[in-house]
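Below is the file my_file-v1.cif, which contains mmCIF, C-alpha atoms (C1' of nucleotides).
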```
data_structure
#
loop_
_atom_site.label_atom_id
_atom_site.label_comp_id
_atom_site.auth_asym_id
_atom_site.auth_seq_id
_atom_site.Cartn_x
_atom_site.Cartn_y
_atom_site.Cartn_z
CA MET A 1 13.45 40.43 -17.60
CA LYS A 2 16.51 38.78 -16.14
CA PRO A 3 18.50 36.63 -18.54
CA ARG A 4 18.44 33.02 -17.57
CA ALA A 5 21.54 31.34 -18.98
CA THR A 6 21.34 28.02 -20.87
CA GLN A 7 17.89 27.04 -19.69
CA ASN A 8 14.35 26.40 -20.80
CA PRO A 9 12.61 29.74 -20.30
CA ALA A 10 9.13 28.15 -20.30
CA SER A 11 9.07 26.85 -16.74
CA PRO A 12 11.04 27.46 -13.57
CA SER A 13 13.84 25.04 -12.84
CA ALA A 14 13.37 22.33 -10.27
CA GLU A 15 15.76 24.32 -8.09
CA GLU A 16 13.59 27.42 -8.26
CA THR A 17 10.43 25.46 -7.57
CA ILE A 18 11.92 23.83 -4.49
CA HIS A 19 13.29 27.13 -3.21
CA GLY A 20 9.95 28.71 -3.85
CA ALA A 21 8.46 26.26 -1.37
CA GLY A 22 11.05 27.31 1.22
CA LEU A 23 13.01 24.09 0.88
CA ARG A 24 16.55 23.25 -0.17
CA MET A 25 17.77 21.48 -3.25
CA THR A 26 19.99 18.90 -1.65
CA ASP A 27 22.21 16.44 -3.45
CA GLN A 28 19.79 13.64 -2.65
CA ARG A 29 16.77 15.49 -3.95
CA ARG A 30 18.59 16.37 -7.13
CA ALA A 31 19.74 12.79 -7.60
CA VAL A 32 16.22 11.46 -7.14
CA TYR A 33 14.79 14.06 -9.49
CA ASP A 34 17.48 13.38 -12.09
CA ALA A 35 16.87 9.65 -11.90
CA LEU A 36 13.19 10.25 -12.65
CA MET A 37 13.96 12.55 -15.54
CA ALA A 38 16.60 10.28 -17.04
CA GLU A 39 14.35 7.25 -17.53
CA ARG A 40 10.76 8.29 -17.57
CA ASP A 41 9.32 4.84 -17.15
CA HIS A 42 7.29 5.26 -13.96
CA PRO A 43 9.63 3.57 -11.48
CA THR A 44 8.59 2.59 -7.99
CA ALA A 45 10.35 4.02 -4.94
CA VAL A 46 12.56 0.95 -4.82
CA ASP A 47 13.43 1.29 -8.51
CA VAL A 48 14.47 4.87 -7.90
CA PHE A 49 16.47 3.79 -4.86
CA THR A 50 18.32 1.22 -6.93
CA ARG A 51 19.11 3.71 -9.67
CA VAL A 52 20.20 6.51 -7.40
CA ARG A 53 22.43 4.22 -5.38
CA GLU A 54 24.60 3.73 -8.46
CA THR A 55 25.84 7.29 -8.24
CA MET A 56 25.17 7.88 -4.55
CA PRO A 57 25.78 4.59 -2.76
CA GLY A 58 25.10 5.91 0.71
CA ILE A 59 21.54 7.08 0.15
CA SER A 60 18.87 5.38 2.20
CA LEU A 61 15.48 4.16 1.10
CA ALA A 62 13.84 6.42 3.68
CA THR A 63 15.51 9.37 2.00
CA VAL A 64 14.25 8.32 -1.39
CA TYR A 65 10.75 8.19 0.06
CA ASN A 66 11.28 11.59 1.66
CA CYS A 67 12.61 13.12 -1.54
CA LEU A 68 9.79 11.72 -3.63
CA GLU A 69 7.33 13.09 -1.11
CA THR A 70 8.99 16.51 -1.19
CA LEU A 71 9.10 16.58 -4.97
CA THR A 72 5.44 15.62 -5.26
CA GLY A 73 4.65 18.20 -2.60
CA CYS A 74 6.19 20.95 -4.77
CA GLY A 75 4.42 19.64 -7.84
CA LEU A 76 7.57 18.54 -9.64
CA VAL A 77 6.56 14.90 -9.69
CA LYS A 78 3.27 13.04 -9.77
CA THR A 79 2.44 9.87 -7.90
CA VAL A 80 0.76 7.17 -9.95
CA ASN A 81 -1.34 4.53 -8.23
CA LEU A 82 -2.23 1.54 -10.32
CA ASP A 83 -4.48 -0.98 -8.66
CA ARG A 84 -2.91 -2.20 -5.45
CA GLY A 85 0.66 -2.05 -6.65
CA PRO A 86 3.42 0.04 -5.16
CA ALA A 87 3.29 3.74 -5.99
CA ARG A 88 5.06 4.83 -9.15
CA PHE A 89 6.50 8.23 -9.90
CA CYS A 90 6.27 10.37 -12.99
CA PRO A 91 7.90 13.72 -13.76
CA ASN A 92 5.53 14.41 -16.68
CA LEU A 93 3.64 17.48 -15.54
CA SER A 94 1.35 17.90 -18.50
CA GLU A 95 -2.14 16.49 -18.01
CA HIS A 96 -2.26 12.87 -18.99
CA ALA A 97 -3.71 9.49 -18.15
CA HIS A 98 -1.81 6.29 -17.49
CA PHE A 99 -2.10 3.05 -19.30
CA HIS A 100 -0.96 -0.14 -17.63
CA CYS A 101 -0.19 -3.11 -19.87
CA GLU A 102 -1.42 -6.36 -18.36
CA GLN A 103 1.08 -8.36 -20.41
CA CYS A 104 4.39 -6.62 -19.85
CA GLY A 105 3.61 -4.22 -17.01
CA THR A 106 4.75 -1.15 -18.92
CA VAL A 107 3.10 2.12 -18.01
CA LEU A 108 2.43 4.59 -20.82
CA ASP A 109 1.50 8.26 -20.59
CA LEU A 110 -1.55 9.18 -22.65
CA PRO A 111 -1.69 12.94 -23.16
CA LEU A 112 -5.01 14.72 -22.74
CA ARG A 113 -6.21 16.08 -26.06
CA ALA A 114 -6.43 19.81 -26.55
CA ARG A 115 -9.46 21.49 -24.99
CA ARG A 116 -10.76 18.25 -23.50
CA HIS A 117 -11.76 17.79 -19.89
CA VAL A 118 -12.29 14.41 -18.31
CA ALA A 119 -14.90 15.74 -15.93
CA ASP A 120 -17.14 16.70 -18.87
CA ALA A 121 -17.88 13.04 -19.44
CA PHE A 122 -19.55 12.71 -16.03
CA ASP A 123 -22.68 13.96 -14.35
CA LEU A 124 -21.43 16.20 -11.57
CA PRO A 125 -23.63 17.48 -8.76
CA GLU A 126 -23.81 21.24 -8.27
CA GLN A 127 -21.14 22.71 -6.03
CA LEU A 128 -18.66 19.92 -6.57
CA ALA A 129 -15.17 21.43 -6.52
CA ILE A 130 -12.61 19.26 -8.26
CA THR A 131 -8.99 19.82 -7.31
CA GLY A 132 -7.36 16.78 -8.79
CA GLN A 133 -7.95 13.74 -10.92
CA GLU A 134 -6.33 10.46 -11.84
CA VAL A 135 -7.24 8.42 -14.88
CA ALA A 136 -5.88 4.94 -15.37
CA PHE A 137 -6.50 2.48 -18.18
CA ARG A 138 -5.69 -1.18 -18.23
CA GLY A 139 -5.19 -3.36 -21.29
CA VAL A 140 -2.67 -4.54 -23.83
CA CYS A 141 -0.06 -2.14 -25.15
CA PRO A 142 0.77 -1.83 -28.86
CA LYS A 143 3.99 -3.84 -28.52
CA CYS A 144 2.31 -6.76 -26.79
CA ALA A 145 -0.67 -6.62 -29.14
CA THR A 146 1.70 -7.04 -32.08
CA LYS A 147 3.52 -9.85 -30.35
CA LEU A 148 0.29 -11.69 -29.49
CA SER A 149 -1.13 -11.51 -33.00
CA LYS A 150 1.89 -13.33 -34.41
CA MET B 151 -37.56 -15.95 -23.72
CA LYS B 152 -37.83 -17.81 -20.44
CA PRO B 153 -39.96 -16.17 -17.74
CA ARG B 154 -37.95 -15.31 -14.70
CA ALA B 155 -40.24 -15.15 -11.59
CA THR B 156 -40.27 -12.20 -9.17
CA GLN B 157 -37.02 -10.71 -10.28
CA ASN B 158 -35.43 -7.81 -12.09
CA PRO B 159 -35.36 -9.06 -15.66
CA ALA B 160 -32.52 -6.71 -16.62
CA SER B 161 -29.63 -8.53 -15.02
CA PRO B 162 -28.93 -11.99 -13.59
CA SER B 163 -29.02 -12.37 -9.82
CA ALA B 164 -25.81 -12.48 -7.86
CA GLU B 165 -26.50 -16.15 -7.33
CA GLU B 166 -26.70 -16.82 -11.04
CA THR B 167 -23.57 -14.86 -11.75
CA ILE B 168 -21.58 -16.74 -9.16
CA HIS B 169 -22.89 -20.09 -10.38
CA GLY B 170 -22.07 -19.05 -13.91
CA ALA B 171 -18.45 -18.78 -12.85
CA GLY B 172 -18.57 -22.32 -11.46
CA LEU B 173 -18.57 -21.16 -7.85
CA ARG B 174 -20.98 -21.49 -4.95
CA MET B 175 -23.05 -18.85 -3.27
CA THR B 176 -22.11 -19.50 0.34
CA ASP B 177 -23.55 -17.82 3.39
CA GLN B 178 -20.39 -15.77 3.78
CA ARG B 179 -20.38 -14.57 0.20
CA ARG B 180 -24.02 -13.62 0.43
CA ALA B 181 -23.46 -11.79 3.71
CA VAL B 182 -20.56 -9.82 2.25
CA TYR B 183 -22.51 -9.00 -0.87
CA ASP B 184 -25.57 -7.98 1.12
CA ALA B 185 -23.49 -5.75 3.35
CA LEU B 186 -22.18 -3.94 0.28
CA MET B 187 -25.63 -3.56 -1.21
CA ALA B 188 -27.21 -2.39 2.04
CA GLU B 189 -24.98 0.65 2.56
CA ARG B 190 -23.41 1.67 -0.68
CA ASP B 191 -20.81 3.94 0.81
CA HIS B 192 -17.60 2.36 -0.47
CA PRO B 193 -16.46 0.55 2.67
CA THR B 194 -12.99 -0.90 3.11
CA ALA B 195 -12.48 -4.61 3.73
CA VAL B 196 -12.32 -3.95 7.44
CA ASP B 197 -15.54 -1.93 7.33
CA VAL B 198 -17.25 -4.83 5.59
CA PHE B 199 -15.78 -7.22 8.14
CA THR B 200 -17.19 -5.13 10.99
CA ARG B 201 -20.64 -4.96 9.41
CA VAL B 202 -20.87 -8.61 8.50
CA ARG B 203 -19.73 -9.71 11.93
CA GLU B 204 -22.92 -8.22 13.39
CA THR B 205 -25.00 -10.91 11.77
CA MET B 206 -22.29 -13.55 11.36
CA PRO B 207 -19.98 -13.22 14.35
CA GLY B 208 -17.72 -16.11 13.41
CA ILE B 209 -16.59 -14.78 10.02
CA SER B 210 -12.91 -14.10 9.64
CA LEU B 211 -11.21 -11.17 7.98
CA ALA B 212 -9.47 -13.51 5.58
CA THR B 213 -12.86 -14.74 4.45
CA VAL B 214 -14.06 -11.22 3.88
CA TYR B 215 -11.00 -10.65 1.71
CA ASN B 216 -11.66 -13.91 -0.11
CA CYS B 217 -15.31 -13.11 -0.69
CA LEU B 218 -14.56 -9.62 -1.94
CA GLU B 219 -11.98 -11.09 -4.29
CA THR B 220 -14.45 -13.68 -5.55
CA LEU B 221 -17.19 -11.11 -6.02
CA THR B 222 -14.89 -8.77 -7.93
CA GLY B 223 -13.67 -11.73 -9.95
CA CYS B 224 -17.25 -12.44 -11.11
CA GLY B 225 -17.83 -8.78 -11.83
CA LEU B 226 -20.43 -8.27 -9.10
CA VAL B 227 -18.33 -5.76 -7.22
CA LYS B 228 -15.72 -3.21 -8.21
CA THR B 229 -12.57 -2.37 -6.31
CA VAL B 230 -11.89 1.32 -5.84
CA ASN B 231 -8.35 2.50 -5.22
CA LEU B 232 -8.01 6.04 -4.01
CA ASP B 233 -4.48 7.28 -3.57
CA ARG B 234 -2.60 5.02 -1.19
CA GLY B 235 -5.56 4.27 1.03
CA PRO B 236 -6.97 0.83 1.68
CA ALA B 237 -9.07 -0.62 -1.14
CA ARG B 238 -12.76 0.21 -1.09
CA PHE B 239 -15.57 -1.81 -2.58
CA CYS B 240 -18.52 -0.76 -4.65
CA PRO B 241 -21.44 -2.82 -6.00
CA ASN B 242 -22.43 -0.14 -8.52
CA LEU B 243 -21.88 -1.83 -11.85
CA SER B 244 -22.83 1.00 -14.15
CA GLU B 245 -19.89 2.95 -15.51
CA HIS B 246 -18.94 5.73 -13.18
CA ALA B 247 -16.06 7.69 -11.72
CA HIS B 248 -15.31 8.18 -8.04
CA PHE B 249 -15.02 11.43 -6.21
CA HIS B 250 -13.11 11.56 -2.94
CA CYS B 251 -13.84 14.48 -0.62
CA GLU B 252 -10.70 15.80 1.02
CA GLN B 253 -12.69 17.28 3.88
CA CYS B 254 -14.94 14.46 5.04
CA GLY B 255 -13.54 11.45 3.20
CA THR B 256 -16.86 10.57 1.57
CA VAL B 257 -16.68 8.80 -1.76
CA LEU B 258 -19.33 9.66 -4.34
CA ASP B 259 -20.22 7.83 -7.54
CA LEU B 260 -20.32 10.07 -10.59
CA PRO B 261 -22.22 8.38 -13.42
CA LEU B 262 -20.81 8.50 -16.91
CA ARG B 263 -23.03 10.61 -19.16
CA ALA B 264 -24.85 8.95 -22.02
CA ARG B 265 -22.74 8.21 -25.08
CA ARG B 266 -19.56 9.53 -23.50
CA HIS B 267 -16.27 7.68 -23.40
CA VAL B 268 -13.42 8.70 -21.16
CA ALA B 269 -10.83 7.39 -23.60
CA ASP B 270 -12.00 9.89 -26.22
CA ALA B 271 -10.40 12.67 -24.23
CA PHE B 272 -6.93 11.18 -24.71
CA ASP B 273 -4.50 10.62 -27.54
CA LEU B 274 -4.24 6.88 -27.87
CA PRO B 275 -1.58 5.13 -29.91
CA GLU B 276 -2.76 2.73 -32.62
CA GLN B 277 -3.35 -0.81 -31.48
CA LEU B 278 -3.94 0.07 -27.87
CA ALA B 279 -6.54 -2.33 -26.49
CA ILE B 280 -8.29 -0.98 -23.41
CA THR B 281 -9.95 -3.53 -21.14
CA GLY B 282 -10.58 -1.46 -18.07
CA GLN B 283 -10.44 2.02 -16.65
CA GLU B 284 -10.59 3.81 -13.35
CA VAL B 285 -11.32 7.51 -12.96
CA ALA B 286 -10.92 9.23 -9.63
CA PHE B 287 -11.47 12.86 -8.73
CA ARG B 288 -10.41 14.61 -5.59
CA GLY B 289 -11.86 17.79 -4.13
CA VAL B 290 -14.58 19.14 -1.88
CA CYS B 291 -18.03 17.57 -1.93
CA PRO B 292 -21.22 19.65 -2.08
CA LYS B 293 -21.98 19.16 1.61
CA CYS B 294 -18.55 20.32 2.75
CA ALA B 295 -18.55 23.18 0.24
CA THR B 296 -21.78 24.47 1.80
CA LYS B 297 -20.42 24.05 5.29
CA LEU B 298 -17.18 25.86 4.45
CA SER B 299 -18.89 28.85 2.85
CA LYS B 300 -20.83 29.58 6.06
"C1'" DG C 301 35.67 31.09 9.41
"C1'" DG C 302 33.03 29.81 13.78
"C1'" DG C 303 28.63 29.46 16.11
"C1'" DT C 304 23.94 28.61 15.89
"C1'" DC C 305 19.57 27.31 14.23
"C1'" DT C 306 16.83 24.52 11.52
"C1'" DA C 307 16.13 21.32 7.82
"C1'" DA C 308 17.47 16.99 5.92
"C1'" DT C 309 19.29 12.38 6.12
"C1'" DT C 310 19.88 7.89 8.04
"C1'" DG C 311 19.04 3.07 9.80
"C1'" DG C 312 16.13 0.64 12.08
"C1'" DA C 313 11.81 -0.19 14.18
"C1'" DA C 314 6.91 0.05 13.60
"C1'" DT C 315 2.63 -0.03 11.11
"C1'" DA C 316 -1.02 -1.08 7.86
"C1'" DA C 317 -3.09 -3.65 4.36
"C1'" DT C 318 -3.11 -7.63 2.20
"C1'" DT C 319 -1.81 -12.35 0.95
"C1'" DC C 320 -0.37 -16.93 2.05
"C1'" DT C 321 -0.62 -21.41 4.29
"C1'" DA C 322 -2.22 -25.45 6.30
"C1'" DG C 323 -5.74 -27.69 8.38
"C1'" DA C 324 -10.76 -28.15 9.29
"C1'" DC C 325 -15.18 -28.17 7.30
"C1'" DA C 326 -18.96 -28.73 4.03
"C1'" DA C 327 -21.52 -29.65 -0.30
"C1'" DG C 328 -22.59 -32.32 -4.13
"C1'" DG C 329 -21.85 -36.28 -7.32
"C1'" DG C 330 -21.45 -41.00 -7.79
"C1'" DC D 331 -22.08 -43.05 2.52
"C1'" DC D 332 -17.59 -41.86 0.65
"C1'" DC D 333 -14.72 -39.03 -2.16
"C1'" DT D 334 -13.41 -34.95 -4.31
"C1'" DT D 335 -13.14 -30.41 -4.40
"C1'" DG D 336 -14.24 -25.91 -2.97
"C1'" DT D 337 -14.51 -22.90 1.01
"C1'" DC D 338 -13.49 -21.11 5.58
"C1'" DT D 339 -10.51 -20.01 9.37
"C1'" DA D 340 -6.59 -18.40 12.35
"C1'" DG D 341 -2.45 -17.05 12.34
"C1'" DA D 342 1.94 -16.27 10.14
"C1'" DA D 343 4.23 -13.89 6.48
"C1'" DT D 344 4.93 -10.34 3.18
"C1'" DT D 345 5.04 -5.83 1.15
"C1'" DA D 346 5.00 -1.03 0.94
"C1'" DT D 347 5.32 2.69 3.55
"C1'" DT D 348 5.83 5.69 7.60
"C1'" DC D 349 7.73 6.87 11.97
"C1'" DC D 350 11.45 7.86 15.19
"C1'" DA D 351 15.56 9.42 17.36
"C1'" DA D 352 20.11 10.52 16.47
"C1'" DT D 353 23.44 12.49 13.40
"C1'" DT D 354 24.79 15.52 9.67
"C1'" DA D 355 24.65 19.39 6.61
"C1'" DG D 356 23.22 24.09 5.08
"C1'" DA D 357 22.33 28.77 5.53
"C1'" DC D 358 22.65 32.84 8.01
"C1'" DC D 359 24.72 36.04 11.15
"C1'" DC D 360 28.54 37.95 13.35
#
```
Rewritten as structure tokens:
Amino acid sequence: MKPRATQNPASPSAEETIHGAGLRMTDQRRAVYDALMAERDHPTAVDVFTRVRETMPGISLATVYNCLETLTGCGLVKTVNLDRGPARFCPNLSEHAHFHCEQCGTVLDLPLRARRHVADAFDLPEQLAITGQEVAFRGVCPKCATKLSK
Amino acid sequence: MKPRATQNPASPSAEETIHGAGLRMTDQRRAVYDALMAERDHPTAVDVFTRVRETMPGISLATVYNCLETLTGCGLVKTVNLDRGPARFCPNLSEHAHFHCEQCGTVLDLPLRARRHVADAFDLPEQLAITGQEVAFRGVCPKCATKLSK
DNA sequence: GGGTCTAATTGGAATAATTCTAGACAAGGG
DNA sequence: CCCTTGTCTAGAATTATTCCAATTAGACCC
């Protein structure tokens, strides 16, 4: 096995993943990816744009959309759709649901419990091939619940 | 218990539900609701508009949006958001997930199995109050699976 | 290192879905 | 019958996103 220098041996680097798809890791793509990893709070495309512009003032919104699309295409980032709102982006690759707080708007990741499968809860017809799923909850988050009960 | 004349005793009529919310059952609202009940295939607002216009040619798209909003507000109809596509509408009030076929675009209802709860599959923080959920699967529907295997 | 080929970025225009607005209309209570 | 309020309508406005054509940047080969 090749040594891999100062790096998490569990999963390939973003670089490797992108190269594996025959694409390049450009400065813009890295900046967008880094912005998502730095504050994992499910920002919208415009949020990401705003953040990335701090270090890369010339980047365009179209590029941010392109990069997010590329990153989701390679499986490095997931798109989160909550109701009719703008898409949000999430670099958490482990299986999880999203929880959207109606009070403060925060989005929380809820990890899937070990050996559980969402599809088991439903009656599926024969021959149904599931390739993806999205689970979203709505409600009041712990912080807001505490605040409200005061 | 009051007798209830020629009607499903299990649930109040759409009329009653709307009145219960202090609103009126207008011709437009009924037409939109009937269109949803007649073909329960998860139409978009524009689909509904097209269908309703056949019997009510003067109706406007804005009204269809208003009616759908009102009906969802009273809980008679559910809004289904699949990826970034236009919203779809569904008068199936029993708990269910949606399945979106990547081949043909059909949307299927998948009923929740008895005594199952989607939230059980996830690690929830204390104090999290869930008031709503939406589960969407993506994949290949039975019909398309059969077609593809030929 | 220069030339070449293709991928990526950019700004602006275009699109799609939805919401807003203001005026007309209609229903029901007094 | 009048008044109030809720509803409908057409069109304008908004929002998020995608498209487009032109430039720029990488990677590869010599």
Please determine the residues with any atom at most 12 Å from (-5.6, 7.2, -16.6) (coordinates as given in the file, with only C-alpha atoms (C1' of nucleotides) counting) and report them as a ChimeraX atom specification. /A:80-83,95-100,107-112,118,133-139 /B:247,268-274,280,282-287
Residues of chain D at most 10 Å from range 303-323 of chain C: nearest atom pair and distance in Å, all atoms listed in the file, as a Markdown table:
```
| residue | atom | partner | partner_atom | distance |
| --- | --- | --- | --- | --- |
| D:DT339 | C1' | C:DG323 | C1' | 9.1 |
| D:DG341 | C1' | C:DT321 | C1' | 9.3 |
| D:DA342 | C1' | C:DT321 | C1' | 8.2 |
| D:DA343 | C1' | C:DC320 | C1' | 7.1 |
| D:DT344 | C1' | C:DT319 | C1' | 7.4 |
| D:DT345 | C1' | C:DT318 | C1' | 8.4 |
| D:DA346 | C1' | C:DA317 | C1' | 9.2 |
| D:DT347 | C1' | C:DT315 | C1' | 8.5 |
| D:DT348 | C1' | C:DT315 | C1' | 7.4 |
| D:DC349 | C1' | C:DA314 | C1' | 7.1 |
| D:DC350 | C1' | C:DA313 | C1' | 8.1 |
| D:DA352 | C1' | C:DT310 | C1' | 8.8 |
| D:DT353 | C1' | C:DT310 | C1' | 7.9 |
| D:DT354 | C1' | C:DT309 | C1' | 7.3 |
| D:DA355 | C1' | C:DA308 | C1' | 7.6 |
| D:DG356 | C1' | C:DA307 | C1' | 8.1 |
| D:DA357 | C1' | C:DT306 | C1' | 9.2 |
| D:DC358 | C1' | C:DC305 | C1' | 8.9 |
| D:DC359 | C1' | C:DT304 | C1' | 8.8 |
| D:DC360 | C1' | C:DG303 | C1' | 8.9 |
```
Since we have the selection now, will you write its residues out, keeping C-alpha atoms (C1' of nucleotides), as a PDB file, in the coordinates of the input?
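Saved to part_38.pdb:
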```pdb
ATOM      1  C1'  DT D 339     -10.510 -20.010   9.370  1.00  0.00           C
ATOM      2  C1'  DG D 341      -2.450 -17.050  12.340  1.00  0.00           C
ATOM      3  C1'  DA D 342       1.940 -16.270  10.140  1.00  0.00           C
ATOM      4  C1'  DA D 343       4.230 -13.890   6.480  1.00  0.00           C
ATOM      5  C1'  DT D 344       4.930 -10.340   3.180  1.00  0.00           C
ATOM      6  C1'  DT D 345       5.040  -5.830   1.150  1.00  0.00           C
ATOM      7  C1'  DA D 346       5.000  -1.030   0.940  1.00  0.00           C
ATOM      8  C1'  DT D 347       5.320   2.690   3.550  1.00  0.00           C
ATOM      9  C1'  DT D 348       5.830   5.690   7.600  1.00  0.00           C
ATOM     10  C1'  DC D 349       7.730   6.870  11.970  1.00  0.00           C
ATOM     11  C1'  DC D 350      11.450   7.860  15.190  1.00  0.00           C
ATOM     12  C1'  DA D 352      20.110  10.520  16.470  1.00  0.00           C
ATOM     13  C1'  DT D 353      23.440  12.490  13.400  1.00  0.00           C
ATOM     14  C1'  DT D 354      24.790  15.520   9.670  1.00  0.00           C
ATOM     15  C1'  DA D 355      24.650  19.390   6.610  1.00  0.00           C
ATOM     16  C1'  DG D 356      23.220  24.090   5.080  1.00  0.00           C
ATOM     17  C1'  DA D 357      22.330  28.770   5.530  1.00  0.00           C
ATOM     18  C1'  DC D 358      22.650  32.840   8.010  1.00  0.00           C
ATOM     19  C1'  DC D 359      24.720  36.040  11.150  1.00  0.00           C
ATOM     20  C1'  DC D 360      28.540  37.950  13.350  1.00  0.00           C
TER      21       DC D 360
END
```
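Counting all atoms listed in the file, every residue of chain B that comes within 9 Å of chain C is listed here: Tyr215, Gly235, Pro236 and Ala237 of chain B.
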To one decimal in Å, tell me the separation between CA of Gly255 in chain B and CA of Arg203 in chain B. 23.7 Å
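Residues matched by the PyMOL selection byres ((chain B) within 8 of (chain D)) in this file are Ser210, Ala212 and Thr213 of chain B.
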Save the residues we just selected, C-alpha atoms, as a tab-separated table (two decimals), keeping the file's coordinate frame?
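Now in again-v4.tsv:
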```
chain	number	residue	atom	x	y	z
B	210	SER	CA	-12.91	-14.10	9.64
B	212	ALA	CA	-9.47	-13.51	5.58
B	213	THR	CA	-12.86	-14.74	4.45
```
Taking every listed atom of range 310-321 of chain C and adding 8 Å to each side, what centre and edge lengths in Å (one decimal) does the axis-aligned box have, as lines of an AutoDock Vina configuration file?
```
center_x = 8.4
center_y = -6.8
center_z = 7.6
size_x = 39.0
size_y = 45.3
size_z = 29.2
```
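If you measure from each of B:His267, B:Lys297, B:Arg190, B:His169 to chain A using all atoms listed in the file, the closest one turns out to be B:His267.
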Figure out the distance between CA of Gly20 in chain A and CA of Arg51 in chain A, please, to one decimal in Å. 27.3 Å
Could you check which of B:Gln277, B:Ser299, B:Ser163, B:Gln178 is closest to Cys217 in chain B, using only C-alpha atoms? B:Gln178
Give me the residues near Thr205 in chain B as an MDAnalysis selection string, where near means some atom within 12 Å (using all atoms listed in the file) and where sequence neighbours in that chain fewer than 3 positions away do not count. chainID B and resid 177:178 180:182 184:185 198:202 208:209
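When all atoms listed in the file are used to compute distances to chain B, the closest of the residues A:Ala38, A:Thr79, A:Leu148, A:Cys104 turns out to be A:Thr79.
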When you draw a straight line from CA of His42 in chain A to CA of Phe89 in chain A, how long is it in Å? 5.1 Å
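Residues with any atom within 6 Å of Val140 in chain A, counting all atoms listed in the file and excluding same-chain neighbours fewer than 3 positions away, are Cys101 and Glu102 of chain A; Ala279 of chain B.
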